[in-house]
Amino acid sequence: MHKAGFVNIIGYPNVGKSTLMNAMVGQKLSIITSKAQTTRHRIMGIVNGDDFQIVYSDTPGIVKDPSYKMHQYMNHFVDTALKDADIILLMTEPDFQFSDKEIIEKFNSSGRKVIVVINKIDLSNQEEIMKQITSWQELLPKSEVIPVSALNNFNLESLFDVIIENLPEHDAFYPKDELTDKSMRFFVSEIIREKILLNYKKEIPYSVEVAVDQYKEEEKIIRISALIYVARESQKAIILGHQGQAIKRTATAARKDLEEFVGKKVFLETTVKVSKDWRDNENILKNFGYSQ
């Protein structure tokens, strides 16, 4: 008997969805920072065993009031994940009030197995966790509730066991040696964007998107050319920094992570380009991988 299925991680921004998927997959596939809305795309991570295949899917955080078309596309990724899941991991954290009754109703009527994952329990106390478990069991009577700390790998084995137990019988959906459905170019752009999130403050990271213009693999080195898009000239100046020092620091940090990721020397060239209102331009968003 072989089991296989799609396990989709859904929740509001900054509850640790990316940290959980990276921990369950055993490979850093999703951006992790303390800033909200760091994941913009739906990213799959595949875990294989002799008799199972789990296809995890990290989705963008639910955007309550979409400001741009980009946010609408991000919410569409979440809606799709609700529909095509075999198992839904609804991720939350202690003291978080999940007030969206429409989404709760979608979970209850979906016919899918729902596992409520209460993350960051190391930041709370036992009494509060028990209250949370009871509350979620009332909201989603058919669900299972599992408290974890994704950052500290606490209780992830229990979560894994419940996932395996509820996977449907099915042949593998992907070759057993595949780790993800995303291309190397995608991960290059995400690693660069992560460094921008870490190195710049305020609105700058949320006004930035990265596209890989060239990815050329040679015997001993990979040559990469990346375009960093911003919405305004003032943002370009901040990204570059005085005499280009800020972008040099960002590119160096990204190059080091890329070399670790691909296991080879990397030459990285970055160019900053102004593209006004790119977050509302459907053609540009499509080129960045956002689509309905």
# chains A, B, ... in the order shown; residues from 1 in each chain; ligands from 1
call {"tool": "residues_around", "arguments": {"residues": "segment 175-187 of chain A", "least_positions_apart": "2", "cutoff": "8 Å", "atoms": "only C-alpha atoms", "output": "NGL selection string"}}
result
:A and (29 or 43-48 or 53 or 172-173 or 189-191 or 212 or 215)
call {"tool": "residues_around", "arguments": {"residues": "Ile221 of chain A", "least_positions_apart": "4", "cutoff": "10 Å", "atoms": "only C-alpha atoms", "output": "ChimeraX atom specification"}}
result
/A:216-217,259,263-267
call {"tool": "write_last_selection", "arguments": {"atoms": "C-alpha atoms", "output": "PDB file, in the first residue's frame"}}
result
ATOM      1  CA  LYS A 216      24.078  30.142 -16.757  1.00  0.00           C
ATOM      2  CA  GLU A 217      25.618  27.030 -15.256  1.00  0.00           C
ATOM      3  CA  GLU A 259      26.557  28.952  -3.083  1.00  0.00           C
ATOM      4  CA  GLY A 263      26.886  23.616  -3.903  1.00  0.00           C
ATOM      5  CA  LYS A 264      28.956  25.582  -6.401  1.00  0.00           C
ATOM      6  CA  LYS A 265      30.650  28.978  -6.798  1.00  0.00           C
ATOM      7  CA  VAL A 266      28.281  31.747  -7.863  1.00  0.00           C
ATOM      8  CA  PHE A 267      28.898  35.013  -9.692  1.00  0.00           C
TER       9      PHE A 267
END
call {"tool": "residues_around", "arguments": {"residues": "segment 126-136 of chain A", "least_positions_apart": "4", "cutoff": "8 Å", "atoms": "only C-alpha atoms", "output": "list of chain:residue names"}}
result
A:Pro94, A:Asp95, A:Val116, A:Ile121, A:Leu140, A:Pro141, A:Val145, A:Ile146, A:Pro147
call {"tool": "write_last_selection", "arguments": {"atoms": "N, CA and C atoms", "output": "short mmCIF file (atom, residue, chain, number, x, y, z; two decimals), in the first residue's frame"}}
result
data_model
loop_
_atom_site.label_atom_id
_atom_site.label_comp_id
_atom_site.auth_asym_id
_atom_site.auth_seq_id
_atom_site.Cartn_x
_atom_site.Cartn_y
_atom_site.Cartn_z
N PRO A 94 -0.64 30.88 19.90
CA PRO A 94 -1.35 31.24 21.13
C PRO A 94 -1.78 32.71 21.13
N ASP A 95 -2.94 32.95 21.69
CA ASP A 95 -3.50 34.31 21.83
C ASP A 95 -3.98 34.91 20.51
N VAL A 116 -5.45 21.55 12.98
CA VAL A 116 -5.09 22.87 13.50
C VAL A 116 -3.74 22.76 14.19
N ILE A 121 4.33 27.45 20.79
CA ILE A 121 3.83 27.18 22.13
C ILE A 121 4.89 27.41 23.19
N LEU A 140 -13.95 23.90 15.00
CA LEU A 140 -13.79 22.89 13.95
C LEU A 140 -13.90 21.50 14.59
N PRO A 141 -15.13 21.04 14.82
CA PRO A 141 -15.35 19.80 15.58
C PRO A 141 -14.70 18.56 14.97
N VAL A 145 -6.24 18.94 16.80
CA VAL A 145 -5.46 20.12 17.19
C VAL A 145 -4.13 19.65 17.78
N ILE A 146 -3.03 20.15 17.20
CA ILE A 146 -1.71 19.71 17.64
C ILE A 146 -0.85 20.94 17.95
N PRO A 147 -0.40 21.07 19.20
CA PRO A 147 0.50 22.18 19.56
C PRO A 147 1.94 21.84 19.19
#
call {"tool": "atom_distance", "arguments": {"atom1": "atom CA of Asp171 of chain A", "atom2": "atom CA of Asn153 of chain A"}}
result
28.8 Å
call {"tool": "select_by_dssp", "arguments": {"residues": "segment 93-254 of chain A", "states": "strand (DSSP E)", "output": "PyMOL selection string"}}
result
chain A and resi 113-118+144-147+209-217+221-230
call {"tool": "select_by_dssp", "arguments": {"residues": "segment 162-237 of chain A", "states": "alpha helix (DSSP H)", "output": "list in words"}}
result
Val162, Ile163, Ile164, Glu165, Asn166, Met184, Arg185, Phe186, Phe187, Val188, Ser189, Glu190, Ile191, Ile192, Arg193, Glu194, Lys195, Ile196, Leu197, Leu198, Asn199, Glu233, Ser234, Gln235, Lys236 and Ala237 of chain A
call {"tool": "write_last_selection", "arguments": {"atoms": "N, CA and C atoms", "output": "PDB file, in the first residue's frame"}}
result
ATOM      1  N   VAL A 162       0.190  12.046  12.360  1.00  0.00           N
ATOM      2  CA  VAL A 162      -1.221  12.305  12.035  1.00  0.00           C
ATOM      3  C   VAL A 162      -1.391  12.519  10.533  1.00  0.00           C
ATOM      4  N   ILE A 163      -0.430  13.199   9.912  1.00  0.00           N
ATOM      5  CA  ILE A 163      -0.488  13.398   8.454  1.00  0.00           C
ATOM      6  C   ILE A 163      -0.423  12.063   7.734  1.00  0.00           C
ATOM      7  N   ILE A 164       0.535  11.216   8.096  1.00  0.00           N
ATOM      8  CA  ILE A 164       0.672   9.906   7.461  1.00  0.00           C
ATOM      9  C   ILE A 164      -0.602   9.083   7.636  1.00  0.00           C
ATOM     10  N   GLU A 165      -1.172   9.130   8.829  1.00  0.00           N
ATOM     11  CA  GLU A 165      -2.384   8.361   9.126  1.00  0.00           C
ATOM     12  C   GLU A 165      -3.542   8.763   8.221  1.00  0.00           C
ATOM     13  N   ASN A 166      -3.607  10.054   7.857  1.00  0.00           N
ATOM     14  CA  ASN A 166      -4.735  10.570   7.090  1.00  0.00           C
ATOM     15  C   ASN A 166      -4.462  10.736   5.599  1.00  0.00           C
ATOM     16  N   MET A 184      15.127  26.532 -10.266  1.00  0.00           N
ATOM     17  CA  MET A 184      16.261  27.145  -9.591  1.00  0.00           C
ATOM     18  C   MET A 184      16.190  28.677  -9.687  1.00  0.00           C
ATOM     19  N   ARG A 185      15.708  29.190 -10.805  1.00  0.00           N
ATOM     20  CA  ARG A 185      15.569  30.643 -10.954  1.00  0.00           C
ATOM     21  C   ARG A 185      14.655  31.215  -9.872  1.00  0.00           C
ATOM     22  N   PHE A 186      13.589  30.478  -9.560  1.00  0.00           N
ATOM     23  CA  PHE A 186      12.665  30.935  -8.522  1.00  0.00           C
ATOM     24  C   PHE A 186      13.385  31.070  -7.187  1.00  0.00           C
ATOM     25  N   PHE A 187      14.177  30.063  -6.820  1.00  0.00           N
ATOM     26  CA  PHE A 187      14.849  30.102  -5.524  1.00  0.00           C
ATOM     27  C   PHE A 187      15.935  31.172  -5.483  1.00  0.00           C
ATOM     28  N   VAL A 188      16.559  31.437  -6.619  1.00  0.00           N
ATOM     29  CA  VAL A 188      17.527  32.538  -6.681  1.00  0.00           C
ATOM     30  C   VAL A 188      16.828  33.851  -6.347  1.00  0.00           C
ATOM     31  N   SER A 189      15.692  34.108  -6.994  1.00  0.00           N
ATOM     32  CA  SER A 189      14.969  35.362  -6.753  1.00  0.00           C
ATOM     33  C   SER A 189      14.486  35.445  -5.308  1.00  0.00           C
ATOM     34  N   GLU A 190      14.061  34.320  -4.722  1.00  0.00           N
ATOM     35  CA  GLU A 190      13.582  34.319  -3.347  1.00  0.00           C
ATOM     36  C   GLU A 190      14.717  34.574  -2.353  1.00  0.00           C
ATOM     37  N   ILE A 191      15.876  34.001  -2.611  1.00  0.00           N
ATOM     38  CA  ILE A 191      17.016  34.216  -1.708  1.00  0.00           C
ATOM     39  C   ILE A 191      17.449  35.681  -1.734  1.00  0.00           C
ATOM     40  N   ILE A 192      17.462  36.283  -2.915  1.00  0.00           N
ATOM     41  CA  ILE A 192      17.813  37.708  -3.011  1.00  0.00           C
ATOM     42  C   ILE A 192      16.756  38.552  -2.295  1.00  0.00           C
ATOM     43  N   ARG A 193      15.487  38.214  -2.492  1.00  0.00           N
ATOM     44  CA  ARG A 193      14.399  38.975  -1.851  1.00  0.00           C
ATOM     45  C   ARG A 193      14.460  38.837  -0.327  1.00  0.00           C
ATOM     46  N   GLU A 194      14.853  37.656   0.148  1.00  0.00           N
ATOM     47  CA  GLU A 194      14.993  37.472   1.590  1.00  0.00           C
ATOM     48  C   GLU A 194      16.038  38.419   2.163  1.00  0.00           C
ATOM     49  N   LYS A 195      17.158  38.577   1.467  1.00  0.00           N
ATOM     50  CA  LYS A 195      18.215  39.469   1.960  1.00  0.00           C
ATOM     51  C   LYS A 195      17.750  40.927   1.962  1.00  0.00           C
ATOM     52  N   ILE A 196      16.905  41.280   1.006  1.00  0.00           N
ATOM     53  CA  ILE A 196      16.344  42.637   0.981  1.00  0.00           C
ATOM     54  C   ILE A 196      15.414  42.824   2.174  1.00  0.00           C
ATOM     55  N   LEU A 197      14.607  41.798   2.473  1.00  0.00           N
ATOM     56  CA  LEU A 197      13.725  41.865   3.647  1.00  0.00           C
ATOM     57  C   LEU A 197      14.524  42.045   4.934  1.00  0.00           C
ATOM     58  N   LEU A 198      15.672  41.398   5.010  1.00  0.00           N
ATOM     59  CA  LEU A 198      16.481  41.458   6.221  1.00  0.00           C
ATOM     60  C   LEU A 198      17.291  42.749   6.338  1.00  0.00           C
ATOM     61  N   ASN A 199      17.700  43.319   5.206  1.00  0.00           N
ATOM     62  CA  ASN A 199      18.649  44.442   5.220  1.00  0.00           C
ATOM     63  C   ASN A 199      18.022  45.823   5.110  1.00  0.00           C
ATOM     64  N   GLU A 233      11.883  56.002  -7.770  1.00  0.00           N
ATOM     65  CA  GLU A 233      13.300  56.350  -7.825  1.00  0.00           C
ATOM     66  C   GLU A 233      13.902  56.464  -6.427  1.00  0.00           C
ATOM     67  N   SER A 234      13.122  56.995  -5.481  1.00  0.00           N
ATOM     68  CA  SER A 234      13.625  57.140  -4.113  1.00  0.00           C
ATOM     69  C   SER A 234      13.932  55.771  -3.503  1.00  0.00           C
ATOM     70  N   GLN A 235      13.137  54.754  -3.865  1.00  0.00           N
ATOM     71  CA  GLN A 235      13.385  53.398  -3.361  1.00  0.00           C
ATOM     72  C   GLN A 235      14.646  52.812  -3.999  1.00  0.00           C
ATOM     73  N   LYS A 236      14.876  53.131  -5.255  1.00  0.00           N
ATOM     74  CA  LYS A 236      16.090  52.675  -5.923  1.00  0.00           C
ATOM     75  C   LYS A 236      17.319  53.218  -5.212  1.00  0.00           C
ATOM     76  N   ALA A 237      17.259  54.503  -4.846  1.00  0.00           N
ATOM     77  CA  ALA A 237      18.393  55.126  -4.156  1.00  0.00           C
ATOM     78  C   ALA A 237      18.663  54.441  -2.823  1.00  0.00           C
TER      79      ALA A 237
END
call {"tool": "closest_residue", "arguments": {"among": "A:Ile87, A:Val262, A:Val114, A:Ile239", "to": "Leu167 of chain A", "atoms": "only C-alpha atoms"}}
result
A:Ile87
call {"tool": "closest_residue", "arguments": {"among": "A:Lys120, A:Lys256, A:Lys273, A:Arg232", "to": "Lys17 of chain A", "atoms": "only C-alpha atoms"}}
result
A:Lys120
call {"tool": "closest_residue", "arguments": {"among": "A:Val272, A:Met24, A:Ala246, A:Ile54", "to": "Glu169 of chain A", "atoms": "only C-alpha atoms"}}
result
A:Ile54
